[in-house]
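Worksheet: one structure, shown below.
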Amino acid sequence: MKISIGKPKSYIQYFISIGSVCIAAAIGYAISGFAGYKVIAYILLVTVSLLSMFLDIAPVILAAFLSALIWDFFFIPPRFTFQVNTTEDILMLLMYFIIAMVNAVLTFKIRQAQKIARQKEEKENTVKLYNTLLNSLSHELKTPIATIIGATDTLQNNSMKLTANNRIELIAEISKASFRLNQQVGNLLNMSRLESGFIEPKKDWCDINELVYEVVKTIEDNKISQKISININPDIPLFKLDEGMLEQVIYNLINNATQYTPPDAKIDVMAMGYADILQIIIEDNGNGFPDDEIDHVFNKFYRLKGAQTGGTGLGLSIVKGYTEAMGGTVKLENIRPKGARFTIDIPAKTSYLKNLKNE
């Protein structure tokens with residue numbers, strides 16, 4: 001998570017500016033017995049330089065002007081007067097003031113240039129993400145819509161020429177395309193919920209066995225070729241958590257495995273409870289993930305290099321967002337000899353009283 005620290009309010013900056021110079025002057029006064037007044041000038045100048053890194057230009061200029069006056073009054077002989085006797089000291093005082101002012105202005109200008117560069121970079125990244133999303137959606141939404149329109153048009157205009165099997169196949173295509181369309185729209189809506197920052201888990205007693213089997217059945221209805229095996233102890237307790245979020249997490253992980261593993265791959269789904277911790281493991285014997293991309297797969301819109309066309313890159317980012325919203329963690333690792341394993345740990349209250357689910 002990116003954390004930004006804002007600058008203090010304007011009037012507070014002036015207090016910080018004056019206070020910092022006074023503290024530096026007090027330190028200088030304390031050591032003035034064995035440090036010459038030229039050393040004190042360096043201390044004050046460093047203080048002004050540090051202030052220019054964090055404050056606006058006006059408070060920094062005030063600090064530069066005030067430090068010059070303090071140096072003259074308290075440290076340049078004769079002390080406790082604004083009188084300067086030697087030409088050298090006059091030149092030093094003048095140079096101190098000029099250097100302090102120039103340092104303040106230049107540092108401020110550098111900060112402004114860095115800010116503009118950051119804003120430009122953020123804008124470029126936003127445009128890049130926007131284009132990525134549009135490119136993904138142009139395929140992911142257009143393809144199922146075109147399938148639905150084409151199949152519907154065929155059913156309407158050629159109904160007399162179609163056999164019963166043709167109708168069944170067209171209806172199956174419409175159903176499959178509708179499901180795919182609904183899935184992509186659902187991912188966008190889920191991501192918008194996460195981006196809003198107001199998502200709160202709605203906890204209730206959840207039967208993990210029942211939930212997993214329902215998710216797997218939904219995915220298998222899409223006529224996938226991979227074999228999914230479920231290994232869950234029938235006596236696993238009920239867990240109090242957000243069933244809708246957990247269902248989406250498990251669905252996205254299994255669906256991701258079916259999309260990116262070979263047709264003959266095997267997908268294993270396991271769930272177990274450890275002292276009020278629900279652990280869900282989903283692993284496959286596919287090709288796994290490139291080692292240099294594992295740390296990025298949960299990023300929004302991220303797609304593996306060389307991955308097949310399509311996909312919005314939202315599925316795994318939703319997994320991470322929902323898991324963390326429930327107070328849990330998700331970990332991805334490659335397994336040997338080949339394959340990938342997702343491990344999810346979610347803290348939750350447990351109960352072995354099955355009737356609690358219906359309360």
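Chains: A, B, ... in order of the structure tokens. Residues: from 1 per chain. Ligands: from 1, in order shown.
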Item to check | Exercise: A:Ile228 partners within 9 Å, only C-alpha atoms, chain neighbours under 5 positions left out, as number ranges by chain | outcome: A: 216, 220, 254, 265-269
Item to check | For A:Val249: contacts at 7 Å, only C-alpha atoms, fewer than 4 positions along chain excluded, given as a list in words | outcome: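 The contact residues come out as Met245, Leu253, Val319 and Tyr322 of chain A.
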Where does stretch 219-306 of chain A meet stretch 203-209 of chain A within 10 Å, residue by residue, with the nearest atom pair and distance in Å to one decimal for each, counting only C-alpha atoms, listed by chain and rising number, as a Markdown table?
| residue | atom | partner | partner_atom | distance |
| --- | --- | --- | --- | --- |
| A:Ile230 | CA | A:Asn209 | CA | 9.1 |
| A:Asn231 | CA | A:Asn209 | CA | 9.3 |
| A:Ile232 | CA | A:Asn209 | CA | 6.6 |
| A:Asn233 | CA | A:Asn209 | CA | 8.1 |
| A:Pro234 | CA | A:Asn209 | CA | 7.0 |
| A:Asp235 | CA | A:Asn209 | CA | 9.1 |
| A:Ile236 | CA | A:Ile208 | CA | 7.7 |
| A:Pro237 | CA | A:Asp207 | CA | 7.5 |
| A:Leu238 | CA | A:Asp207 | CA | 5.2 |
| A:Phe239 | CA | A:Cys206 | CA | 5.2 |
| A:Lys240 | CA | A:Trp205 | CA | 4.3 |
| A:Leu241 | CA | A:Lys203 | CA | 4.1 |
| A:Asp242 | CA | A:Lys203 | CA | 4.5 |
| A:Glu243 | CA | A:Cys206 | CA | 6.1 |
| A:Gly244 | CA | A:Lys203 | CA | 9.4 |
| A:Met245 | CA | A:Lys203 | CA | 9.8 |
| A:Leu246 | CA | A:Ile208 | CA | 9.3 |
| A:Glu247 | CA | A:Ile208 | CA | 9.4 |
| A:Met270 | CA | A:Asn209 | CA | 9.8 |
| A:Ala271 | CA | A:Ile208 | CA | 7.7 |
| A:Met272 | CA | A:Ile208 | CA | 9.1 |
| A:Leu278 | CA | A:Ile208 | CA | 9.2 |
| A:Ile280 | CA | A:Ile208 | CA | 9.6 |
Hey, can you spit out that residue selection with N, CA and C atoms as a short mmCIF file (atom, residue, chain, number, x, y, z; two decimals), in the first residue's frame?
data_model
loop_
_atom_site.label_atom_id
_atom_site.label_comp_id
_atom_site.auth_asym_id
_atom_site.auth_seq_id
_atom_site.Cartn_x
_atom_site.Cartn_y
_atom_site.Cartn_z
N ILE A 230 -11.80 -32.95 -4.83
CA ILE A 230 -12.06 -32.23 -3.58
C ILE A 230 -11.67 -33.12 -2.41
N ASN A 231 -10.87 -32.58 -1.52
CA ASN A 231 -10.42 -33.33 -0.36
C ASN A 231 -10.67 -32.48 0.89
N ILE A 232 -11.85 -32.66 1.49
CA ILE A 232 -12.24 -31.91 2.68
C ILE A 232 -12.83 -32.89 3.70
N ASN A 233 -12.37 -32.81 4.91
CA ASN A 233 -12.91 -33.65 5.97
C ASN A 233 -14.39 -33.34 6.18
N PRO A 234 -15.26 -34.35 6.11
CA PRO A 234 -16.70 -34.10 6.29
C PRO A 234 -17.01 -33.46 7.64
N ASP A 235 -16.14 -33.65 8.62
CA ASP A 235 -16.39 -33.12 9.96
C ASP A 235 -15.76 -31.74 10.19
N ILE A 236 -15.33 -31.10 9.12
CA ILE A 236 -14.76 -29.76 9.27
C ILE A 236 -15.82 -28.84 9.87
N PRO A 237 -15.45 -27.98 10.81
CA PRO A 237 -16.46 -27.14 11.48
C PRO A 237 -17.03 -26.07 10.57
N LEU A 238 -18.08 -25.44 11.04
CA LEU A 238 -18.59 -24.25 10.38
C LEU A 238 -17.64 -23.09 10.69
N PHE A 239 -17.51 -22.18 9.75
CA PHE A 239 -16.67 -20.99 9.96
C PHE A 239 -17.54 -19.75 9.79
N LYS A 240 -17.34 -18.78 10.68
CA LYS A 240 -18.11 -17.54 10.60
C LYS A 240 -17.33 -16.52 9.79
N LEU A 241 -17.76 -16.32 8.55
CA LEU A 241 -17.08 -15.39 7.64
C LEU A 241 -18.05 -14.97 6.54
N ASP A 242 -17.56 -14.18 5.61
CA ASP A 242 -18.39 -13.71 4.50
C ASP A 242 -18.44 -14.79 3.42
N GLU A 243 -19.57 -15.49 3.33
CA GLU A 243 -19.68 -16.61 2.40
C GLU A 243 -19.58 -16.16 0.95
N GLY A 244 -20.15 -14.99 0.64
CA GLY A 244 -20.10 -14.49 -0.74
C GLY A 244 -18.68 -14.19 -1.18
N MET A 245 -17.91 -13.55 -0.30
CA MET A 245 -16.51 -13.25 -0.63
C MET A 245 -15.71 -14.53 -0.81
N LEU A 246 -15.88 -15.47 0.13
CA LEU A 246 -15.11 -16.71 0.06
C LEU A 246 -15.48 -17.49 -1.20
N GLU A 247 -16.74 -17.50 -1.56
CA GLU A 247 -17.17 -18.19 -2.77
C GLU A 247 -16.50 -17.59 -4.01
N MET A 270 -8.45 -28.40 -1.39
CA MET A 270 -8.41 -28.90 -0.02
C MET A 270 -8.79 -27.80 0.95
N ALA A 271 -9.42 -28.17 2.05
CA ALA A 271 -9.77 -27.21 3.09
C ALA A 271 -9.63 -27.89 4.45
N MET A 272 -9.11 -27.14 5.41
CA MET A 272 -8.92 -27.68 6.76
C MET A 272 -8.96 -26.53 7.76
N LEU A 278 -9.12 -20.94 8.97
CA LEU A 278 -9.54 -21.73 7.81
C LEU A 278 -8.43 -21.67 6.77
N ILE A 280 -7.40 -22.94 2.97
CA ILE A 280 -7.86 -23.50 1.70
C ILE A 280 -6.66 -23.57 0.76
#
Checklist entry - Residues at most 7 Å from stretch 62-67 of chain A, counting only C-alpha atoms, excluding those fewer than 4 positions away in the same chain, as a ChimeraX atom specification? => result /A:17-18,21,44,48,58,71,97,100-101
Go ahead and write the selection's residues with C-alpha atoms as a compact mmCIF listing (two decimals), in the first residue's frame.
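Output file part_21.txt is given in full below:
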# COMPACT_ATOMS: atom_id res chain seq x y z
CA SER A 17 10.28 27.39 10.30
CA ILE A 18 10.76 29.88 13.15
CA VAL A 21 15.86 28.23 13.37
CA LEU A 44 22.03 27.51 10.60
CA VAL A 48 17.51 26.12 6.34
CA ALA A 58 7.64 31.37 1.84
CA TRP A 71 23.69 34.93 13.17
CA PHE A 97 22.05 35.38 3.13
CA ALA A 100 20.55 30.54 2.13
CA MET A 101 18.05 32.17 -0.22
Next on the checklist: Which of stretch 149-286 of chain A end up as alpha helix (DSSP H) when DSSP is run on this backbone - answer as a ChimeraX atom specification?
Outcome noted: /A:149-157,164-196,208-220,243-259
